[in-house]
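Trainee: This is the structure, below, for whatever I ask next.
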Amino acid sequence: MELKEYILKNECLEIHVCNLGGIIKNIFVRDCRWKLVDVVLGFDTLEQYIAPEYRKNYPYFGALIGRYGNRINQGRFILDGQEYQLPQNNYGHCLHGGDTGFHHRIWDATQPNAQTLVLSCVSPDGEAGFPGTLKTTVTYSLSDDNALQINYEAETDKPTIVNLTNHAYFNLSGDGKTTILDHQLTLNADYYTPVDSTFMTTGEIAPVEGTPMDFRTATAIGARIDNYDFEQLKNGHGYDHNYVLNTQGDISQVAAKVYDPKSGRTLEVYTNEPGIQFYAGNFLDGTVKGKHGIYYPLRSALCLETQHYPDSPNKADWPSVVVRPGEKYHSTCIYKFGAE
Ligand code: GLA
């Protein structure tokens with residue numbers, strides 16, 4: 001099937017999406033002089049997204065992630081008494097649905113109007129080890145209040161687990177040569193889920209209070225990120241953690257906010273999900289040549305991936321990711337742009 005790029009447009013935003021992986025290739029926001037500025041990392045051409053040198057270690061730029069965003073311990077889980085084995089592509093764990101996850105698939109795409117793109121795919125029973133035929137629809141839509149809404153829906157014919165997200169890398173300055181260490185972040189979360197040295201959640205829900213994990217008031221991302229005396233920052237190579245949102249599924253409350261003091265640009269995140277993965281681009285290492293030939297340096301972007309907590313299938317008392325036949329999985333993420 002052919003690689004295709006779709007353009008969504010309204011007065012404030014212009015977004016380019018690829019049918020491969022549902023990848024958000026560009027998010028152009030308007031600056032005060034009405035010039036368009038691209039605030040996400042990625043490649044200039046669609047072919048680069050499938051180039052062999054990036055296919056293996058592709059950092060998931062802007063892609064839809066499934067069937068399970070984030071990690072599952074040793075790629076193993078038990079559902080209704082039956083054990084399932086998923087690909088082990090990251091420290092022995094399953095990360096982002098394995099190497100053949102939704103980010104590598106060509107989605108069917110329809111564009112009902114200039115502001116909306118509907119992507120769908122059917123993942124067969126047993127694909128990458130996941131039970132059940134999963135029919136997934138993801139809708140990207142622009143709204144007049146400067147927001148991109150991502151709606152995820154899925155249905156299965158057998159009990160299964162689902163955790164869908166998007167992996168957009170934001171740098172609000174629009175300049176991928178610079179880091180996001182000066183971006184100020186607010187996370188509406190009193191707790192987070194600590195990880196071990198393989199990035200696996202330990203099962204603990206720990207308070208952010210009194211630690212460098214605390215972003216309850218706007219704080220520069222770089223202010224404490226190198227404090228590796230704090231074990232969690234050492235384990236995550238910086239911030240790469242799931243935050244337990246205070247919003248508890250209430251999409252009307254802001255879950256996260258980013259402010260770039262240089263450009264004045266802001267990004268707010270809203271979601272019905274219980275968690276958000278804050279990843280500070282710690283694995284960008286200057287080897288991936290992105291848009292305009294820029295080799296993206298360490299921490300030149302951040303991701304805010306709305307989701308259920310990592311390894312939920314193996315953590316009995318965390319919010320459930322199980323979806324059964326007849327039920328509808330539904331998740332929403334809103335990225336709302338602005339300027340201050
Ligand atoms: C997620 C993970 C990170 C990293 C990136 C992709 O955000 O939490 O550890 O794997 O994806 O590089």
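Residue numbering restarts at 1 in every chain; chains get A, B, ... in the order shown in the structure tokens, and ligands count up from 1 in that same order.
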Give me, as a tab-separated table, each residue of chain A that comes within 6 Å of ligand 1, together with its shortest interatomic pair and the distance in Å at one decimal, counting only C-alpha atoms and all ligand atoms, with rows ordered by chain and rising residue number.
Mentor:
residue	atom	partner	partner_atom_place_in_ligand_line	distance
A:Pro59	CA	ligand 1	12 (O)	4.5
A:Asn70	CA	ligand 1	8 (O)	5.9
A:Asp240	CA	ligand 1	8 (O)	5.4
A:Tyr279	CA	ligand 1	7 (O)	5.1
A:Phe283	CA	ligand 1	12 (O)	5.7
Trainee: Go through region 129-271 of chain A and collect every residue that DSSP, computed from the backbone, puts in strand (DSSP E); the answer should be as number ranges by chain.
Mentor: A: 134-143, 147-156, 160-161, 165-166, 184-187, 191-193, 206-207, 219-220, 240-244, 256-259, 265-271
Trainee: For the residues in that selection, give me N, CA and C atoms as a compact mmCIF listing (two decimals), in the first residue's frame.
Mentor:
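Dumped everything to out_29.txt:
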# COMPACT_ATOMS: atom_id res chain seq x y z
N LEU A 134 -8.75 -7.11 17.06
CA LEU A 134 -9.00 -5.77 17.58
C LEU A 134 -9.28 -4.80 16.43
N LYS A 135 -10.49 -4.23 16.46
CA LYS A 135 -10.83 -3.21 15.45
C LYS A 135 -10.65 -1.85 16.10
N THR A 136 -9.75 -1.07 15.54
CA THR A 136 -9.40 0.21 16.15
C THR A 136 -9.70 1.36 15.20
N THR A 137 -10.26 2.42 15.74
CA THR A 137 -10.47 3.65 14.97
C THR A 137 -9.86 4.80 15.75
N VAL A 138 -9.03 5.56 15.09
CA VAL A 138 -8.44 6.75 15.72
C VAL A 138 -8.84 7.96 14.89
N THR A 139 -9.40 8.96 15.55
CA THR A 139 -9.83 10.17 14.85
C THR A 139 -9.01 11.36 15.32
N TYR A 140 -8.36 12.00 14.37
CA TYR A 140 -7.68 13.26 14.66
C TYR A 140 -8.62 14.38 14.23
N SER A 141 -8.90 15.34 15.13
CA SER A 141 -9.71 16.47 14.68
C SER A 141 -9.22 17.78 15.28
N LEU A 142 -9.32 18.82 14.47
CA LEU A 142 -8.90 20.15 14.91
C LEU A 142 -10.13 20.91 15.38
N SER A 143 -9.98 21.70 16.44
CA SER A 143 -11.11 22.52 16.85
C SER A 143 -10.70 23.99 16.79
N ALA A 147 -6.94 23.50 19.17
CA ALA A 147 -6.64 22.20 19.76
C ALA A 147 -6.70 21.08 18.73
N LEU A 148 -5.87 20.07 18.98
CA LEU A 148 -5.92 18.81 18.25
C LEU A 148 -6.49 17.78 19.21
N GLN A 149 -7.59 17.16 18.81
CA GLN A 149 -8.17 16.11 19.65
C GLN A 149 -7.89 14.75 19.01
N ILE A 150 -7.43 13.80 19.83
CA ILE A 150 -7.21 12.43 19.34
C ILE A 150 -8.17 11.52 20.08
N ASN A 151 -9.02 10.86 19.32
CA ASN A 151 -10.02 9.95 19.89
C ASN A 151 -9.69 8.53 19.50
N TYR A 152 -9.60 7.66 20.48
CA TYR A 152 -9.27 6.26 20.21
C TYR A 152 -10.48 5.41 20.57
N GLU A 153 -10.86 4.51 19.66
CA GLU A 153 -11.92 3.56 19.96
C GLU A 153 -11.49 2.19 19.50
N ALA A 154 -11.87 1.17 20.27
CA ALA A 154 -11.50 -0.19 19.87
C ALA A 154 -12.52 -1.18 20.38
N GLU A 155 -12.67 -2.27 19.61
CA GLU A 155 -13.56 -3.37 20.00
C GLU A 155 -12.86 -4.68 19.72
N THR A 156 -13.20 -5.68 20.51
CA THR A 156 -12.52 -6.98 20.39
C THR A 156 -13.55 -8.11 20.32
N THR A 160 -9.25 -9.04 25.96
CA THR A 160 -7.89 -8.63 25.63
C THR A 160 -7.49 -7.42 26.48
N ILE A 161 -6.30 -6.89 26.22
CA ILE A 161 -5.83 -5.69 26.91
C ILE A 161 -5.53 -4.62 25.86
N THR A 165 -1.97 5.19 22.64
CA THR A 165 -1.51 6.56 22.86
C THR A 165 -0.84 7.08 21.59
N ASN A 166 -0.33 8.30 21.69
CA ASN A 166 0.43 8.89 20.58
C ASN A 166 1.77 9.37 21.13
N GLN A 184 8.96 25.14 30.68
CA GLN A 184 8.41 24.97 32.03
C GLN A 184 7.22 24.03 31.97
N LEU A 185 7.26 23.04 32.85
CA LEU A 185 6.23 22.01 32.84
C LEU A 185 5.41 22.06 34.12
N THR A 186 4.11 21.89 33.98
CA THR A 186 3.24 21.68 35.13
C THR A 186 2.54 20.35 34.93
N LEU A 187 2.59 19.48 35.93
CA LEU A 187 1.88 18.20 35.86
C LEU A 187 0.90 18.14 37.03
N TYR A 191 1.21 12.04 42.56
CA TYR A 191 1.92 10.75 42.64
C TYR A 191 2.44 10.33 41.28
N TYR A 192 3.41 9.44 41.29
CA TYR A 192 3.93 8.85 40.05
C TYR A 192 4.26 7.39 40.32
N THR A 193 4.59 6.65 39.25
CA THR A 193 4.89 5.23 39.42
C THR A 193 6.39 5.00 39.19
N ALA A 206 4.23 6.46 44.33
CA ALA A 206 5.01 7.28 45.26
C ALA A 206 4.62 8.75 45.16
N PRO A 207 4.66 9.46 46.29
CA PRO A 207 4.36 10.89 46.25
C PRO A 207 5.48 11.70 45.58
N THR A 219 7.78 24.39 36.51
CA THR A 219 9.21 24.26 36.78
C THR A 219 9.95 23.94 35.49
N ALA A 220 11.10 24.55 35.30
CA ALA A 220 11.89 24.25 34.11
C ALA A 220 12.28 22.77 34.13
N ASP A 240 11.36 9.87 32.63
CA ASP A 240 10.73 8.90 31.74
C ASP A 240 9.78 8.10 32.62
N HIS A 241 8.75 8.80 33.12
CA HIS A 241 7.90 8.25 34.18
C HIS A 241 6.43 8.49 33.91
N ASN A 242 5.65 7.57 34.41
CA ASN A 242 4.20 7.72 34.37
C ASN A 242 3.74 8.47 35.62
N TYR A 243 2.97 9.53 35.38
CA TYR A 243 2.38 10.28 36.49
C TYR A 243 0.92 9.87 36.68
N VAL A 244 0.55 9.76 37.94
CA VAL A 244 -0.81 9.39 38.31
C VAL A 244 -1.62 10.69 38.39
N ALA A 256 -1.71 18.46 32.06
CA ALA A 256 -0.33 18.91 31.95
C ALA A 256 -0.28 20.20 31.16
N LYS A 257 0.74 21.00 31.45
CA LYS A 257 0.93 22.24 30.70
C LYS A 257 2.41 22.47 30.47
N VAL A 258 2.74 22.90 29.26
CA VAL A 258 4.13 23.23 28.93
C VAL A 258 4.16 24.68 28.47
N TYR A 259 5.17 25.41 28.91
CA TYR A 259 5.33 26.82 28.52
C TYR A 259 6.77 27.03 28.09
N ARG A 265 5.03 30.26 23.65
CA ARG A 265 4.04 29.25 23.26
C ARG A 265 3.70 28.31 24.42
N THR A 266 2.46 27.85 24.43
CA THR A 266 2.01 26.92 25.47
C THR A 266 1.35 25.70 24.84
N LEU A 267 1.38 24.63 25.59
CA LEU A 267 0.67 23.40 25.22
C LEU A 267 -0.03 22.90 26.48
N GLU A 268 -1.33 22.65 26.36
CA GLU A 268 -2.07 22.05 27.47
C GLU A 268 -2.55 20.68 27.04
N VAL A 269 -2.55 19.74 27.98
CA VAL A 269 -2.99 18.38 27.67
C VAL A 269 -4.19 18.05 28.54
N TYR A 270 -5.22 17.51 27.91
CA TYR A 270 -6.44 17.06 28.61
C TYR A 270 -6.68 15.60 28.23
N THR A 271 -7.19 14.83 29.16
CA THR A 271 -7.43 13.41 28.83
C THR A 271 -8.42 12.77 29.81
Trainee: Using only C-alpha atoms, what table do you get, as CSV, when you list each residue of region 197-315 of chain A with an atom no more than 8 Å from region 34-49 of chain A, its nearest pair of atoms, and their distance in Å rounded to one decimal, rows by chain then rising number?
Mentor:
residue,atom,partner,partner_atom,distance
A:Lys289,CA,A:Phe43,CA,7.8
A:Gly290,CA,A:Phe43,CA,4.8
A:Lys291,CA,A:Phe43,CA,4.7
A:His292,CA,A:Asp44,CA,7.0
A:Ala301,CA,A:Leu41,CA,7.2
Trainee: Let's have the selection written as a PDB file, in the first residue's frame, with N, CA, C and O atoms.
Mentor:
ATOM      1  N   LYS A 289      18.937  11.933  12.095  1.00  0.00           N
ATOM      2  CA  LYS A 289      18.900  13.151  11.288  1.00  0.00           C
ATOM      3  C   LYS A 289      17.449  13.446  10.922  1.00  0.00           C
ATOM      4  O   LYS A 289      16.830  12.722  10.149  1.00  0.00           O
ATOM      5  N   GLY A 290      16.908  14.499  11.492  1.00  0.00           N
ATOM      6  CA  GLY A 290      15.498  14.803  11.318  1.00  0.00           C
ATOM      7  C   GLY A 290      15.253  15.900  10.301  1.00  0.00           C
ATOM      8  O   GLY A 290      16.040  16.098   9.373  1.00  0.00           O
ATOM      9  N   LYS A 291      14.162  16.626  10.493  1.00  0.00           N
ATOM     10  CA  LYS A 291      13.766  17.681   9.564  1.00  0.00           C
ATOM     11  C   LYS A 291      14.895  18.695   9.357  1.00  0.00           C
ATOM     12  O   LYS A 291      15.614  19.022  10.309  1.00  0.00           O
ATOM     13  N   HIS A 292      14.988  19.196   8.148  1.00  0.00           N
ATOM     14  CA  HIS A 292      15.989  20.203   7.774  1.00  0.00           C
ATOM     15  C   HIS A 292      17.414  19.743   8.066  1.00  0.00           C
ATOM     16  O   HIS A 292      18.301  20.566   8.335  1.00  0.00           O
ATOM     17  N   ALA A 301      13.312  17.364  22.713  1.00  0.00           N
ATOM     18  CA  ALA A 301      11.844  17.342  22.681  1.00  0.00           C
ATOM     19  C   ALA A 301      11.329  16.574  23.879  1.00  0.00           C
ATOM     20  O   ALA A 301      12.078  15.847  24.533  1.00  0.00           O
TER      21      ALA A 301
END
Trainee: DSSP on the backbone: which residues in region 259-316 of chain A end up as helix (DSSP H, G or I)? Give the answer as a PyMOL selection string.
Mentor: chain A and resi 291-293+312-314
Trainee: Given the selection you just returned, output its residues as a file containing N, CA, C and O atoms, formatted as an mmCIF file, in the first residue's frame.
Mentor:
data_model
loop_
_atom_site.group_PDB
_atom_site.id
_atom_site.type_symbol
_atom_site.label_atom_id
_atom_site.label_comp_id
_atom_site.auth_asym_id
_atom_site.auth_seq_id
_atom_site.Cartn_x
_atom_site.Cartn_y
_atom_site.Cartn_z
ATOM 1 N N LYS A 291 14.162 16.626 10.493
ATOM 2 C CA LYS A 291 13.766 17.681 9.564
ATOM 3 C C LYS A 291 14.895 18.695 9.357
ATOM 4 O O LYS A 291 15.614 19.022 10.309
ATOM 5 N N HIS A 292 14.988 19.196 8.148
ATOM 6 C CA HIS A 292 15.989 20.203 7.774
ATOM 7 C C HIS A 292 17.414 19.743 8.066
ATOM 8 O O HIS A 292 18.301 20.566 8.335
ATOM 9 N N GLY A 293 17.629 18.394 8.066
ATOM 10 C CA GLY A 293 18.977 17.871 8.257
ATOM 11 C C GLY A 293 19.505 18.023 9.670
ATOM 12 O O GLY A 293 20.702 17.837 9.907
ATOM 13 N N SER A 312 0.081 -2.373 33.692
ATOM 14 C CA SER A 312 -1.184 -2.576 34.420
ATOM 15 C C SER A 312 -1.690 -4.016 34.396
ATOM 16 O O SER A 312 -2.269 -4.465 35.389
ATOM 17 N N PRO A 313 -1.491 -4.785 33.290
ATOM 18 C CA PRO A 313 -2.015 -6.165 33.299
ATOM 19 C C PRO A 313 -1.442 -7.004 34.436
ATOM 20 O O PRO A 313 -2.050 -8.001 34.825
ATOM 21 N N ASN A 314 -0.257 -6.605 34.948
ATOM 22 C CA ASN A 314 0.361 -7.369 36.033
ATOM 23 C C ASN A 314 0.252 -6.679 37.390
ATOM 24 O O ASN A 314 0.920 -7.088 38.345
#
Trainee: For a quick check of understanding, using only C-alpha atoms, which of A:Val323, A:Cys12, A:Ile27, A:Val254 has the smallest distance to Tyr169 (chain A)?
Mentor: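 Closest to Tyr169 (chain A), using only C-alpha atoms: A:Ile27.
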Trainee: Restricting the calculation to only C-alpha atoms, which member of A:Pro194, A:Pro261, A:Gly249, A:Gly286 is positioned closest to Gln232 (chain A)?
Mentor: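 Checking each of A:Pro194, A:Pro261, A:Gly249, A:Gly286 against Gln232 (chain A), counting only C-alpha atoms, the winner is A:Pro194.
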Trainee: Ranking A:Tyr54, A:Glu127, A:His183, A:Phe199 by minimum distance to Leu95 (chain A) and counting only C-alpha atoms, which one comes first?
Mentor: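 Closest to Leu95 (chain A), using only C-alpha atoms: A:Phe199.
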Trainee: Report the distance between CA of Lys262 (chain A) and CA of Gln277 (chain A) in Å, rounded to one decimal place.
Mentor: 24.7 Å
Trainee: Using only C-alpha atoms, can you tell me which of A:Cys18, A:Lys177, A:Gly203, A:Tyr335 comes closest to His104 (chain A)?
Mentor: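 Smallest separation from His104 (chain A) among the options: A:Cys18.
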Trainee: What's the separation between CA of Leu172 (chain A) and CA of Ile50 (chain A), in Å to one decimal place?
Mentor: 25.8 Å
Trainee: A:Gly222, A:Gly22, A:Gly264, A:Gly81: which is nearest Leu117 (chain A), counting only C-alpha atoms?
Mentor: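 For Leu117 (chain A), the nearest of the candidates is A:Gly22.
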Trainee: Here is a test: counting only C-alpha atoms, which residue of A:Ile294, A:Leu13, A:Ala280, A:Leu3 is nearest to Asp108 (chain A)?
Mentor: A:Leu3
Trainee: Show me, as a ChimeraX atom specification, the residues that have an atom within 6 Å of region 208-211 of chain A when counting only C-alpha atoms, minus same-chain residues fewer than 2 positions from it.
Mentor: /A:190-191,213-214
Trainee: In Å, rounded to a single decimal, give me how far CA of Asp182 (chain A) is from CA of Tyr309 (chain A).
Mentor: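 CA of Asp182 (chain A) lies at a distance of 27.1 Å from CA of Tyr309 (chain A).
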